[in-house]
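Q: Quick one, run13.cif (mmCIF, C-alpha atoms):
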```cif
data_coords
loop_
_atom_site.label_atom_id
_atom_site.label_comp_id
_atom_site.auth_asym_id
_atom_site.auth_seq_id
_atom_site.Cartn_x
_atom_site.Cartn_y
_atom_site.Cartn_z
CA MET A 18 -22.70 -9.63 2.53
CA LYS A 19 -23.23 -6.08 3.76
CA PHE A 20 -21.24 -3.51 1.76
CA VAL A 21 -19.68 -6.18 -0.42
CA ASP A 22 -22.53 -7.45 -2.57
CA GLU A 23 -23.96 -3.93 -2.97
CA PHE A 24 -20.66 -2.47 -4.14
CA ARG A 25 -19.92 -5.32 -6.54
CA ASP A 26 -23.35 -5.41 -8.18
CA ALA A 27 -22.84 -6.02 -11.90
CA GLU A 28 -26.10 -4.36 -12.95
CA LEU A 29 -25.34 -1.18 -11.01
CA GLY A 30 -21.86 -1.30 -12.51
CA ARG A 31 -23.33 -1.28 -16.01
CA VAL A 32 -25.60 1.63 -15.08
CA LEU A 33 -22.62 3.62 -13.83
CA ALA A 34 -20.62 2.69 -16.94
CA GLY A 35 -23.50 4.04 -19.04
CA GLU A 36 -23.53 7.28 -17.05
CA ILE A 37 -19.78 7.65 -17.59
CA LEU A 38 -20.22 7.05 -21.32
CA ALA A 39 -22.94 9.70 -21.43
CA ALA A 40 -20.85 12.18 -19.41
CA VAL A 41 -17.61 12.06 -21.43
CA ASP A 42 -16.80 14.30 -24.34
CA PRO A 43 -15.95 11.86 -27.17
CA GLU A 44 -13.38 14.32 -28.53
CA ARG A 45 -11.46 14.43 -25.28
CA HIS A 46 -9.02 11.96 -23.68
CA TYR A 47 -9.23 11.59 -19.91
CA LYS A 48 -6.22 10.38 -17.96
CA LEU A 49 -7.07 9.61 -14.32
CA MET A 50 -4.50 8.41 -11.79
CA GLU A 51 -5.50 6.06 -9.01
CA VAL A 52 -3.01 6.93 -6.30
CA CYS A 53 -3.45 3.89 -4.13
CA GLY A 54 -2.22 0.37 -4.90
CA GLY A 55 -5.43 -1.01 -3.39
CA HIS A 56 -7.36 0.68 -6.19
CA THR A 57 -5.00 -0.76 -8.82
CA HIS A 58 -5.61 -4.22 -7.40
CA SER A 59 -9.41 -3.77 -7.46
CA ILE A 60 -9.40 -2.30 -10.98
CA TYR A 61 -7.65 -5.35 -12.40
CA LYS A 62 -9.36 -7.89 -10.20
CA TYR A 63 -12.85 -6.74 -11.17
CA GLY A 64 -12.05 -5.54 -14.68
CA VAL A 65 -13.17 -1.99 -13.88
CA ASP A 66 -11.13 -0.59 -16.78
CA ASP A 67 -13.08 -2.79 -19.21
CA LEU A 68 -16.24 -0.90 -18.26
CA LEU A 69 -14.76 2.49 -19.11
CA PRO A 70 -14.95 4.12 -22.54
CA ASP A 71 -11.83 4.04 -24.73
CA ASN A 72 -11.04 7.66 -24.01
CA VAL A 73 -10.97 7.23 -20.20
CA GLU A 74 -7.55 5.91 -19.22
CA LEU A 75 -6.58 4.83 -15.73
CA VAL A 76 -2.96 5.42 -14.76
CA HIS A 77 -1.43 3.69 -11.77
CA GLY A 78 0.21 5.83 -9.14
CA PRO A 79 2.88 5.43 -6.49
CA GLY A 80 0.56 4.34 -3.67
CA CYS A 81 2.10 0.97 -2.92
CA PRO A 82 4.63 1.44 -0.10
CA VAL A 83 6.39 -1.83 -0.91
CA CYS A 84 6.90 -0.73 -4.52
CA VAL A 85 8.54 2.55 -3.60
CA ILE A 86 11.10 1.13 -1.16
CA PRO A 87 14.57 1.59 -2.68
CA MET A 88 17.04 -1.30 -2.70
CA GLY A 89 19.40 0.50 -0.32
CA ARG A 90 16.78 0.40 2.45
CA VAL A 91 16.30 -3.34 1.92
CA ASP A 92 20.08 -3.78 2.25
CA ASP A 93 20.01 -1.76 5.48
CA GLY A 94 17.26 -4.02 6.83
CA ILE A 95 19.21 -7.14 5.92
CA ALA A 96 22.31 -5.76 7.68
CA ILE A 97 20.27 -5.34 10.87
CA ALA A 98 18.65 -8.76 10.43
CA ARG A 99 22.13 -10.33 10.26
CA ALA A 100 23.31 -8.61 13.46
CA GLU A 101 23.91 -10.82 16.47
CA ASN A 102 20.96 -11.68 18.69
CA VAL A 103 18.39 -9.96 16.46
CA ILE A 104 14.90 -11.15 15.58
CA PHE A 105 13.94 -9.07 12.53
CA THR A 106 10.22 -8.68 11.87
CA CYS A 107 8.36 -7.30 8.87
CA PHE A 108 5.12 -7.60 6.89
CA GLY A 109 4.88 -10.52 4.48
CA ASP A 110 5.44 -8.83 1.15
CA MET A 111 8.51 -6.98 2.34
CA MET A 112 10.33 -10.29 2.73
CA ARG A 113 10.39 -10.83 -1.03
CA VAL A 114 11.55 -7.38 -2.11
CA PRO A 115 14.98 -7.72 -3.71
CA GLY A 116 17.90 -5.80 -2.23
CA SER A 117 21.12 -5.34 -4.15
CA GLU A 118 22.23 -8.91 -3.45
CA GLN A 119 19.33 -10.71 -1.80
CA SER A 120 15.93 -10.35 -0.18
CA LEU A 121 15.06 -10.70 3.50
CA LEU A 122 13.60 -14.12 2.67
CA GLU A 123 16.93 -15.20 1.21
CA ALA A 124 18.75 -13.79 4.24
CA LYS A 125 16.41 -15.89 6.37
CA ALA A 126 17.28 -18.98 4.34
CA GLU A 127 20.94 -18.27 5.13
CA GLY A 128 20.28 -18.16 8.85
CA ALA A 129 19.09 -14.66 9.75
CA ASP A 130 16.13 -14.76 12.13
CA VAL A 131 13.56 -12.94 9.97
CA ARG A 132 9.91 -13.40 10.90
CA MET A 133 6.71 -12.22 9.31
CA VAL A 134 4.22 -10.34 11.49
CA TYR A 135 0.72 -9.07 10.82
CA SER A 136 0.99 -5.97 12.97
CA PRO A 137 3.62 -4.00 14.89
CA LEU A 138 1.86 -5.14 18.05
CA ASP A 139 2.76 -8.74 17.12
CA ALA A 140 6.42 -7.67 16.96
CA LEU A 141 6.14 -6.06 20.40
CA ARG A 142 4.62 -9.26 21.79
CA LEU A 143 7.56 -11.17 20.32
CA ALA A 144 9.96 -8.79 22.11
CA LYS A 145 8.20 -9.35 25.43
CA ALA A 146 8.30 -13.12 24.90
CA ASN A 147 12.05 -13.01 24.08
CA PRO A 148 13.57 -10.60 26.62
CA ASP A 149 17.12 -11.82 25.91
CA ARG A 150 16.87 -11.01 22.16
CA ASP A 151 16.59 -7.69 20.32
CA VAL A 152 13.41 -7.54 18.25
CA VAL A 153 13.49 -5.09 15.34
CA PHE A 154 10.32 -4.14 13.45
CA PHE A 155 10.71 -2.95 9.85
CA ALA A 156 7.96 -0.32 9.78
CA LEU A 157 6.56 0.38 6.34
CA GLY A 158 3.50 2.02 4.90
CA PHE A 159 1.70 5.29 4.33
CA GLU A 160 -0.37 7.17 6.88
CA THR A 161 -2.71 4.16 7.07
CA THR A 162 -0.06 2.04 8.79
CA ALA A 163 1.91 4.73 10.61
CA PRO A 164 -0.65 5.17 13.46
CA SER A 165 -0.38 1.46 14.23
CA THR A 166 3.42 1.73 14.55
CA ALA A 167 3.09 4.93 16.60
CA LEU A 168 0.67 3.32 19.08
CA THR A 169 2.96 0.32 19.40
CA MET A 170 5.98 2.53 20.14
CA LYS A 171 3.95 4.36 22.78
CA ARG A 172 2.94 1.05 24.29
CA ALA A 173 6.58 -0.16 24.29
CA LYS A 174 7.65 3.00 26.07
CA ALA A 175 4.84 2.85 28.62
CA GLU A 176 5.59 -0.78 29.39
CA GLY A 177 9.36 -0.19 29.52
CA VAL A 178 10.19 -2.80 26.85
CA SER A 179 13.91 -2.20 26.29
CA ASN A 180 14.60 -4.89 23.65
CA PHE A 181 12.16 -3.58 21.00
CA PHE A 182 13.36 -1.39 18.13
CA CYS A 183 11.88 0.11 15.00
CA MET A 184 13.50 0.67 11.60
CA CYS A 185 11.15 3.32 10.33
CA ASN A 186 10.34 3.50 6.61
CA HIS A 187 6.95 5.15 6.86
CA VAL A 188 6.22 7.46 3.97
CA THR A 189 3.71 10.26 3.46
CA ILE A 190 1.40 10.61 0.48
CA VAL A 191 1.36 14.32 -0.28
CA PRO A 192 5.06 14.98 -1.19
CA PRO A 193 5.21 12.28 -3.92
CA LEU A 194 1.94 13.59 -5.39
CA ARG A 195 3.45 17.05 -5.55
CA ALA A 196 6.60 15.59 -7.12
CA LEU A 197 4.46 13.78 -9.71
CA LEU A 198 2.51 16.92 -10.49
CA ASP A 199 5.78 18.82 -10.96
CA SER A 200 7.12 16.11 -13.25
CA PRO A 201 7.32 17.46 -16.83
CA ASP A 202 6.62 14.08 -18.49
CA LEU A 203 3.27 13.58 -16.80
CA ARG A 204 -0.11 14.61 -18.16
CA LEU A 205 -3.03 13.89 -15.85
CA ASP A 206 -6.60 15.15 -15.72
CA GLY A 207 -7.61 14.06 -12.23
CA PHE A 208 -6.94 11.84 -9.24
CA ILE A 209 -8.81 8.95 -7.65
CA GLY A 210 -7.70 9.74 -4.10
CA PRO A 211 -6.55 7.15 -1.54
CA GLY A 212 -9.46 5.99 0.62
CA HIS A 213 -7.83 4.64 3.74
CA VAL A 214 -4.91 7.07 3.93
CA SER A 215 -7.64 9.72 3.96
CA THR A 216 -9.34 8.01 6.92
CA VAL A 217 -6.28 9.13 8.87
CA VAL A 218 -5.19 12.40 7.20
CA GLY A 219 -8.63 13.51 5.99
CA ALA A 220 -9.40 15.22 2.69
CA ARG A 221 -7.83 18.58 3.51
CA PRO A 222 -4.20 17.66 2.61
CA PHE A 223 -5.32 17.09 -1.01
CA GLU A 224 -6.80 20.57 -1.44
CA PHE A 225 -3.52 21.82 -2.95
CA ILE A 226 -4.11 19.65 -6.03
CA PRO A 227 -7.16 21.57 -7.31
CA ALA A 228 -5.92 24.86 -5.83
CA ASP A 229 -2.33 24.82 -7.17
CA TYR A 230 -2.49 22.42 -10.11
CA GLY A 231 -6.10 22.70 -11.28
CA LYS A 232 -6.82 18.95 -11.10
CA PRO A 233 -9.90 17.41 -9.44
CA VAL A 234 -9.51 14.82 -6.67
CA VAL A 235 -12.18 12.32 -5.62
CA ILE A 236 -11.40 10.24 -2.53
CA SER A 237 -12.62 6.76 -3.32
CA GLY A 238 -13.52 3.46 -1.72
CA PHE A 239 -12.05 0.20 -2.97
CA GLU A 240 -15.02 -1.74 -4.30
CA PRO A 241 -15.60 -1.70 -8.06
CA LEU A 242 -18.68 0.52 -7.83
CA ASP A 243 -16.77 2.95 -5.60
CA ILE A 244 -14.10 3.31 -8.28
CA LEU A 245 -16.61 3.68 -11.12
CA GLN A 246 -18.55 6.29 -9.19
CA SER A 247 -15.33 8.18 -8.43
CA ALA A 248 -14.37 8.17 -12.11
CA LEU A 249 -17.82 9.57 -12.93
CA MET A 250 -17.46 12.27 -10.25
CA ILE A 251 -14.09 13.34 -11.69
CA ILE A 252 -15.48 13.45 -15.25
CA ASN A 253 -18.48 15.45 -14.05
CA GLN A 254 -16.08 17.94 -12.45
CA LEU A 255 -14.01 18.19 -15.64
CA GLU A 256 -17.06 18.60 -17.88
CA GLY A 257 -18.78 20.96 -15.44
CA GLU A 258 -15.60 23.02 -15.20
CA ARG A 259 -15.44 22.46 -11.48
CA CYS A 260 -12.23 21.59 -9.70
CA GLU A 261 -12.28 20.51 -6.06
CA VAL A 262 -11.70 17.71 -3.58
CA GLU A 263 -14.78 15.49 -3.33
CA ASN A 264 -15.34 12.55 -1.03
CA GLN A 265 -17.00 9.52 -2.60
CA TYR A 266 -16.04 7.36 0.41
CA THR A 267 -18.18 9.20 2.97
CA ARG A 268 -19.14 5.98 4.73
CA VAL A 269 -15.58 5.75 6.02
CA VAL A 270 -13.62 8.97 5.46
CA PRO A 271 -14.31 12.02 7.66
CA TYR A 272 -13.19 15.22 5.93
CA GLU A 273 -10.92 16.16 8.84
CA GLY A 274 -9.41 12.65 9.23
CA ASN A 275 -8.67 10.92 12.52
CA LEU A 276 -7.30 13.62 14.81
CA ARG A 277 -6.26 11.16 17.51
CA ALA A 278 -4.18 9.24 14.97
CA LEU A 279 -2.54 12.44 13.75
CA GLU A 280 -1.71 13.44 17.34
CA VAL A 281 -0.07 10.13 18.19
CA MET A 282 1.90 10.22 14.93
CA ALA A 283 3.11 13.75 15.70
CA GLU A 284 4.32 12.58 19.10
CA VAL A 285 6.20 9.50 17.93
CA PHE A 286 7.49 10.56 14.49
CA GLU A 287 9.19 13.49 12.86
CA LEU A 288 9.71 14.21 9.18
CA ARG A 289 12.97 13.10 7.57
CA PRO A 290 14.63 15.95 5.66
CA HIS A 291 14.57 13.74 2.56
CA PHE A 292 13.93 10.13 1.61
CA GLU A 293 14.60 8.14 -1.53
CA TRP A 294 11.61 6.74 -3.42
CA ARG A 295 12.11 4.02 -5.94
CA GLY A 296 11.68 5.50 -9.38
CA LEU A 297 10.95 8.97 -8.07
CA GLY A 298 14.33 9.79 -6.50
CA PHE A 299 14.85 11.84 -3.35
CA ILE A 300 11.77 13.74 -2.18
CA SER A 301 12.11 16.19 0.69
CA GLN A 302 10.03 15.70 3.84
CA SER A 303 8.36 12.64 2.37
CA ALA A 304 9.07 10.08 5.09
CA LEU A 305 9.01 9.67 8.86
CA ARG A 306 11.56 8.65 11.46
CA LEU A 307 11.26 8.25 15.22
CA SER A 308 11.32 11.53 17.11
CA ASP A 309 14.01 12.28 19.69
CA ALA A 310 11.58 11.28 22.44
CA TYR A 311 11.69 7.76 21.01
CA ALA A 312 15.38 7.69 20.05
CA GLU A 313 16.06 4.74 22.36
CA PHE A 314 13.80 2.59 20.15
CA ASP A 315 15.39 3.64 16.85
CA ALA A 316 17.07 0.64 15.19
CA GLU A 317 19.01 2.91 12.85
CA ARG A 318 20.67 4.59 15.84
CA ARG A 319 21.43 1.26 17.50
CA TYR A 320 22.80 -0.70 14.52
CA GLU A 321 25.36 0.04 11.85
CA THR A 322 23.78 -0.02 8.39
CA PRO A 323 25.48 0.38 4.99
CA GLY A 324 23.24 3.37 4.14
CA VAL A 325 24.35 3.10 0.53
CA ARG A 326 22.18 4.27 -2.35
CA VAL A 327 21.74 1.42 -4.81
CA ALA A 328 20.70 2.13 -8.39
CA ASP A 329 17.75 0.12 -9.70
CA PRO A 330 18.54 -2.66 -12.19
CA LYS A 331 18.92 -1.14 -15.65
CA ALA A 332 16.27 -3.36 -17.22
CA CYS A 333 13.70 -2.39 -14.60
CA GLN A 334 11.32 0.45 -15.45
CA CYS A 335 9.46 0.62 -12.13
CA GLY A 336 10.10 4.37 -12.04
CA GLU A 337 8.21 5.01 -15.26
CA VAL A 338 5.44 2.64 -14.16
CA LEU A 339 5.13 4.38 -10.77
CA LYS A 340 4.87 7.74 -12.48
CA GLY A 341 2.30 6.39 -14.92
CA VAL A 342 4.53 7.26 -17.88
CA ILE A 343 4.41 3.70 -19.22
CA LYS A 344 1.98 0.85 -18.70
CA PRO A 345 3.32 -2.28 -16.97
CA TRP A 346 3.35 -4.33 -20.17
CA GLU A 347 5.48 -1.69 -21.90
CA CYS A 348 8.43 -2.50 -19.60
CA LYS A 349 11.05 -4.56 -21.43
CA VAL A 350 11.21 -7.31 -18.80
CA PHE A 351 7.48 -7.49 -17.92
CA GLY A 352 6.25 -11.07 -17.81
CA THR A 353 9.52 -12.48 -19.12
CA ALA A 354 12.52 -11.85 -16.87
CA CYS A 355 10.27 -10.17 -14.26
CA THR A 356 7.34 -12.16 -12.88
CA PRO A 357 5.73 -12.33 -9.41
CA GLU A 358 7.76 -15.49 -8.70
CA HIS A 359 11.07 -13.94 -9.81
CA ALA A 360 10.60 -10.21 -9.50
CA ILE A 361 13.25 -7.77 -10.65
CA GLY A 362 11.28 -4.68 -9.76
CA THR A 363 9.19 -3.95 -6.68
CA CYS A 364 6.03 -3.30 -8.70
CA MET A 365 6.00 -7.02 -9.47
CA VAL A 366 6.56 -8.09 -5.85
CA SER A 367 3.54 -6.69 -4.12
CA PRO A 368 0.07 -7.83 -5.26
CA GLU A 369 -0.95 -4.17 -5.16
CA GLY A 370 1.97 -3.24 -7.41
CA ALA A 371 0.79 -2.21 -10.86
CA CYS A 372 2.90 -4.87 -12.62
CA ALA A 373 1.79 -7.76 -10.41
CA ALA A 374 -1.85 -6.66 -10.58
CA TYR A 375 -1.61 -6.44 -14.35
CA TYR A 376 0.27 -9.73 -14.61
CA ASN A 377 -2.34 -11.54 -12.52
CA TYR A 378 -5.51 -10.05 -13.89
CA GLY A 379 -5.04 -7.85 -16.87
CA ARG A 380 -2.33 -9.10 -19.17
CA PHE A 381 -4.79 -10.56 -21.65
CA ALA A 382 -7.24 -7.68 -21.47
CA ARG A 383 -5.39 -5.11 -23.52
CA ASP A 384 -6.16 -6.90 -26.75
CA ARG A 385 -9.81 -7.21 -25.90
CA GLU A 386 -12.17 -4.70 -27.30
CA VAL A 387 -13.80 -2.45 -24.76
CA VAL A 388 -17.41 -3.50 -24.36
CA MET B 15 5.69 -24.31 11.65
CA GLU B 16 6.13 -20.78 10.48
CA SER B 17 5.68 -20.46 6.75
CA LEU B 18 8.71 -19.46 4.72
CA THR B 19 6.60 -17.75 2.12
CA PRO B 20 4.53 -14.62 2.66
CA HIS B 21 0.94 -15.29 3.60
CA CYS B 22 -0.58 -12.73 1.31
CA GLY B 23 -1.12 -14.31 -2.06
CA HIS B 24 -1.37 -12.50 -5.33
CA THR B 25 -5.11 -12.83 -5.38
CA SER B 26 -5.98 -11.61 -1.92
CA GLY B 27 -4.01 -8.43 -1.32
CA CYS B 28 -1.68 -7.67 1.53
CA ILE B 29 -1.91 -5.96 4.90
CA THR B 30 0.42 -3.20 3.95
CA CYS B 31 1.25 -3.00 0.29
CA GLY B 32 -1.93 -1.29 -0.80
CA ASP B 33 -2.37 0.41 2.55
CA GLU B 34 -5.89 -0.89 2.45
CA ALA B 35 -7.78 -1.55 5.66
CA ILE B 36 -10.55 -4.10 6.22
CA ALA B 37 -13.88 -3.78 7.99
CA MET B 38 -14.11 -5.89 11.16
CA LYS B 39 -16.99 -6.39 13.57
CA VAL B 40 -16.40 -5.85 17.28
CA LEU B 41 -17.24 -8.94 19.34
CA ARG B 42 -15.83 -8.07 22.77
CA VAL B 43 -14.18 -5.00 24.28
CA ASP B 44 -11.29 -4.96 26.78
CA ARG B 45 -11.34 -1.30 27.85
CA GLU B 46 -8.54 -1.67 30.39
CA ARG B 47 -6.02 -2.76 27.75
CA GLY B 48 -7.49 -0.69 24.90
CA LEU B 49 -8.14 -3.79 22.81
CA ALA B 50 -11.16 -5.37 21.16
CA LEU B 51 -11.75 -8.87 19.87
CA CYS B 52 -12.92 -8.44 16.28
CA ALA B 53 -13.94 -10.69 13.40
CA ASP B 54 -13.19 -10.07 9.72
CA PRO B 55 -15.81 -10.76 6.99
CA GLY B 56 -14.55 -14.36 6.77
CA GLY B 57 -15.07 -14.86 10.51
CA VAL B 58 -11.37 -14.89 11.44
CA ARG B 59 -10.92 -13.32 14.88
CA SER B 60 -8.10 -11.14 16.06
CA SER B 61 -7.24 -8.67 18.78
CA VAL B 62 -7.42 -5.04 17.62
CA GLU B 63 -5.98 -1.87 19.15
CA THR B 64 -8.85 0.60 19.65
CA ALA B 65 -7.13 3.70 21.09
CA LEU B 66 -7.79 5.79 17.97
CA VAL B 67 -11.55 5.17 17.75
CA GLU B 68 -12.66 4.81 21.37
CA PRO B 69 -15.22 4.35 22.74
CA VAL B 70 -16.21 1.21 20.84
CA GLU B 71 -19.12 -1.12 21.51
CA PRO B 72 -19.75 -4.74 20.52
CA GLY B 73 -21.54 -4.94 17.16
CA GLU B 74 -19.83 -1.89 15.67
CA SER B 75 -17.91 -2.15 12.42
CA LEU B 76 -14.33 -0.83 12.55
CA LEU B 77 -11.86 -0.17 9.78
CA VAL B 78 -8.76 -2.10 10.82
CA HIS B 79 -5.28 -1.81 9.42
CA ALA B 80 -2.21 -3.68 10.70
CA GLY B 81 -3.95 -4.58 13.93
CA THR B 82 -5.16 -1.05 14.69
CA ALA B 83 -8.62 0.42 14.16
CA ILE B 84 -8.18 3.68 12.24
CA GLY B 85 -11.83 4.51 11.58
CA ARG B 86 -15.39 3.34 11.55
CA ASP B 87 -17.35 1.81 8.72
CA SER B 88 -20.51 3.82 9.12
CA GLU B 89 -23.76 2.55 7.64
CA GLN B 90 -25.30 6.01 7.67
CA GLY B 91 -22.88 7.50 5.23
CA VAL B 92 -23.21 4.95 2.47
CA ALA B 93 -23.23 6.55 -0.92
CA ALA B 94 -25.54 5.13 -3.56
#
```
Translate this structure into structure tokens?

A:
Amino acid sequence: MKFVDEFRDAELGRVLAGEILAAVDPERHYKLMEVCGGHTHSIYKYGVDDLLPDNVELVHGPGCPVCVIPMGRVDDGIAIARAENVIFTCFGDMMRVPGSEQSLLEAKAEGADVRMVYSPLDALRLAKANPDRDVVFFALGFETTAPSTALTMKRAKAEGVSNFFCMCNHVTIVPPLRALLDSPDLRLDGFIGPGHVSTVVGARPFEFIPADYGKPVVISGFEPLDILQSALMIINQLEGERCEVENQYTRVVPYEGNLRALEVMAEVFELRPHFEWRGLGFISQSALRLSDAYAEFDAERRYETPGVRVADPKACQCGEVLKGVIKPWECKVFGTACTPEHAIGTCMVSPEGACAAYYNYGRFARDREVV
Amino acid sequence: MESLTPHCGHTSGCITCGDEAIAMKVLRVDRERGLALCADPGGVRSSVETALVEPVEPGESLLVHAGTAIGRDSEQGVAA
């Protein structure tokens, strides 16, 4: 299959692994963070980390929007879902994320009308098909998903759909990266940059990382060879004493991003002054809400929500995992009290979460010798 | 009947959690409504919003996320 077979070719993978081995300084330890949950998933699924030398360590970043949703926001969503006459819609994984007392799936089991959708446009269609009900869409995701929500809100406004509302939880990628880089307990050498977020925002927003923090960034595709090549490009920068933003994923990512998507986002959304991230705390200007021009569609203005900050369960170490301070298996409840079927922390809920990815693909690998 | 469990399994990824888009091929274009009928690599067809990448033509490969095309999957730019 075009672009799939080529980028999963085992022989080419071994060649790249050899080039990485030849490029590294054996005396040096390299700690590279893959920002995006999609990369984490690919790394475990294809065993990319097994192809890397011992001294090249991959650290999993905060790029899974489900994993960073705090429990208080889940509770707010459930409160809206339980309101009279509401059809509450969200993406599949969000239904399983635990709130302080239950998940949206459990609220559904108790009678709330919670439905899974594949796109915000599906939720809008549901609103048009049910004019006597209020349809609320739980919007979630980084800049990859936000344009889809923005276009849907524009469409709802243009078509005069008055029973469609959005609970906006869209987050932005740059502020948490800055927060991570400012974190004193984090030591990183470079970043494997998010491929599809960059399709929208472009490569420019990441230029502060080499400029202000002296760390290379390589925007990467999601196939195993993409990730290996990106790791090699970062190591070449480090060994060549270069430090810049490079784009490995040129077949998809334009350096300036998708300007039309950025325009529509700027029209529909505005930055929240601050937003809570699971494990990372409150980060200023790190999330989006509907702009005043779209206030009539804002579910948070229409419905009462508890709006209470809920502390994470004490046993859960999602915060340290999201910051790359500990590996998933180093969490006390990993694989015992916390599994994909009965998740305590969000990193175990989403397949792109570092814990779930590790549980599914990598939990036996750490004892294996690197080949 | 609508499934009570999320569709995205732990082996296949999810439409939002990794914020990862998929490449889809354009089969038919509805310019008036700003939509295109597209097929994913497994042949599953769905209607895709094309406002952010217009103009699109049948046969093109689009990068689709949550029902919206956010970019193109260009053959020319393929890195080795």

Q: Skipping near chain neighbours, those fewer than 5 positions away, what residues fall within 8 Å of Leu51 (chain B) using only C-alpha atoms, listed as a PyMOL selection string?

A: chain B and resi 40-44+59-62

Q: For Arg150 (chain A), find every residue with an atom within 10 Å (counting only C-alpha atoms), except residues of its own chain fewer than 3 positions away, and show them as a ChimeraX atom specification.

A: /A:101-104,143-147,153,180-181

Q: Once the PyMOL selection byres ((chain A and resi 48) around 10) has been applied to the shown file, what residues remain in the selection, as a list in words?

A: Arg45, His46, Tyr47, Leu49, Met50, Glu51, Asn72, Val73, Glu74, Leu75, Val76, Arg204, Leu205, Asp206, Gly207, Phe208 and Gly341 of chain A

Q: Restricted to C-alpha atoms, what would the selected residues look like written as a PDB file, in the frame of the given file?

A:
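Once written, part39.pdb looks like this:
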```
ATOM      1  CA  ARG A  45     -11.460  14.430 -25.280  1.00  0.00           C
ATOM      2  CA  HIS A  46      -9.020  11.960 -23.680  1.00  0.00           C
ATOM      3  CA  TYR A  47      -9.230  11.590 -19.910  1.00  0.00           C
ATOM      4  CA  LEU A  49      -7.070   9.610 -14.320  1.00  0.00           C
ATOM      5  CA  MET A  50      -4.500   8.410 -11.790  1.00  0.00           C
ATOM      6  CA  GLU A  51      -5.500   6.060  -9.010  1.00  0.00           C
ATOM      7  CA  ASN A  72     -11.040   7.660 -24.010  1.00  0.00           C
ATOM      8  CA  VAL A  73     -10.970   7.230 -20.200  1.00  0.00           C
ATOM      9  CA  GLU A  74      -7.550   5.910 -19.220  1.00  0.00           C
ATOM     10  CA  LEU A  75      -6.580   4.830 -15.730  1.00  0.00           C
ATOM     11  CA  VAL A  76      -2.960   5.420 -14.760  1.00  0.00           C
ATOM     12  CA  ARG A 204      -0.110  14.610 -18.160  1.00  0.00           C
ATOM     13  CA  LEU A 205      -3.030  13.890 -15.850  1.00  0.00           C
ATOM     14  CA  ASP A 206      -6.600  15.150 -15.720  1.00  0.00           C
ATOM     15  CA  GLY A 207      -7.610  14.060 -12.230  1.00  0.00           C
ATOM     16  CA  PHE A 208      -6.940  11.840  -9.240  1.00  0.00           C
ATOM     17  CA  GLY A 341       2.300   6.390 -14.920  1.00  0.00           C
TER      18      GLY A 341
END
```

Q: Find the residues in chain A near chain B: any atom within 8 Å counts, using all atoms listed in the file. Write them as a tab-separated table (two decimals) with C-alpha atoms, in the frame of the given file.

A:
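Output saved as out07.tsv:
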```tsv
chain	number	residue	atom	x	y	z
A	53	CYS	CA	-3.45	3.89	-4.13
A	54	GLY	CA	-2.22	0.37	-4.90
A	55	GLY	CA	-5.43	-1.01	-3.39
A	56	HIS	CA	-7.36	0.68	-6.19
A	58	HIS	CA	-5.61	-4.22	-7.40
A	80	GLY	CA	0.56	4.34	-3.67
A	81	CYS	CA	2.10	0.97	-2.92
A	82	PRO	CA	4.63	1.44	-0.10
A	83	VAL	CA	6.39	-1.83	-0.91
A	84	CYS	CA	6.90	-0.73	-4.52
A	108	PHE	CA	5.12	-7.60	6.89
A	109	GLY	CA	4.88	-10.52	4.48
A	110	ASP	CA	5.44	-8.83	1.15
A	112	MET	CA	10.33	-10.29	2.73
A	113	ARG	CA	10.39	-10.83	-1.03
A	122	LEU	CA	13.60	-14.12	2.67
A	133	MET	CA	6.71	-12.22	9.31
A	135	TYR	CA	0.72	-9.07	10.82
A	136	SER	CA	0.99	-5.97	12.97
A	137	PRO	CA	3.62	-4.00	14.89
A	138	LEU	CA	1.86	-5.14	18.05
A	157	LEU	CA	6.56	0.38	6.34
A	158	GLY	CA	3.50	2.02	4.90
A	159	PHE	CA	1.70	5.29	4.33
A	161	THR	CA	-2.71	4.16	7.07
A	162	THR	CA	-0.06	2.04	8.79
A	164	PRO	CA	-0.65	5.17	13.46
A	165	SER	CA	-0.38	1.46	14.23
A	212	GLY	CA	-9.46	5.99	0.62
A	213	HIS	CA	-7.83	4.64	3.74
A	214	VAL	CA	-4.91	7.07	3.93
A	216	THR	CA	-9.34	8.01	6.92
A	217	VAL	CA	-6.28	9.13	8.87
A	265	GLN	CA	-17.00	9.52	-2.60
A	266	TYR	CA	-16.04	7.36	0.41
A	267	THR	CA	-18.18	9.20	2.97
A	268	ARG	CA	-19.14	5.98	4.73
A	269	VAL	CA	-15.58	5.75	6.02
A	270	VAL	CA	-13.62	8.97	5.46
A	275	ASN	CA	-8.67	10.92	12.52
A	277	ARG	CA	-6.26	11.16	17.51
A	278	ALA	CA	-4.18	9.24	14.97
A	367	SER	CA	3.54	-6.69	-4.12
A	368	PRO	CA	0.07	-7.83	-5.26
A	369	GLU	CA	-0.95	-4.17	-5.16
A	370	GLY	CA	1.97	-3.24	-7.41
A	373	ALA	CA	1.79	-7.76	-10.41
A	374	ALA	CA	-1.85	-6.66	-10.58
A	377	ASN	CA	-2.34	-11.54	-12.52
```

Q: So, counting all atoms listed in the file, which residue among A:Val234, A:Ile244, A:Met88, A:Val218 is closest to Ile60 (chain A)?

A: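 For Ile60 (chain A), the nearest of the given residues is A:Ile244.
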
Q: Please compute the CA of Ile226 (chain A)-CA of Asp71 (chain A) distance, one decimal, in Å.

A: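 Calculated distance between CA of Ile226 (chain A) and CA of Asp71 (chain A) is 25.6 Å.
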
Q: Tell me which of A:Gly177, A:Pro201, A:Gly89, A:Pro357 sits closest to Phe314 (chain A), counting all atoms listed in the file.

A: A:Gly177
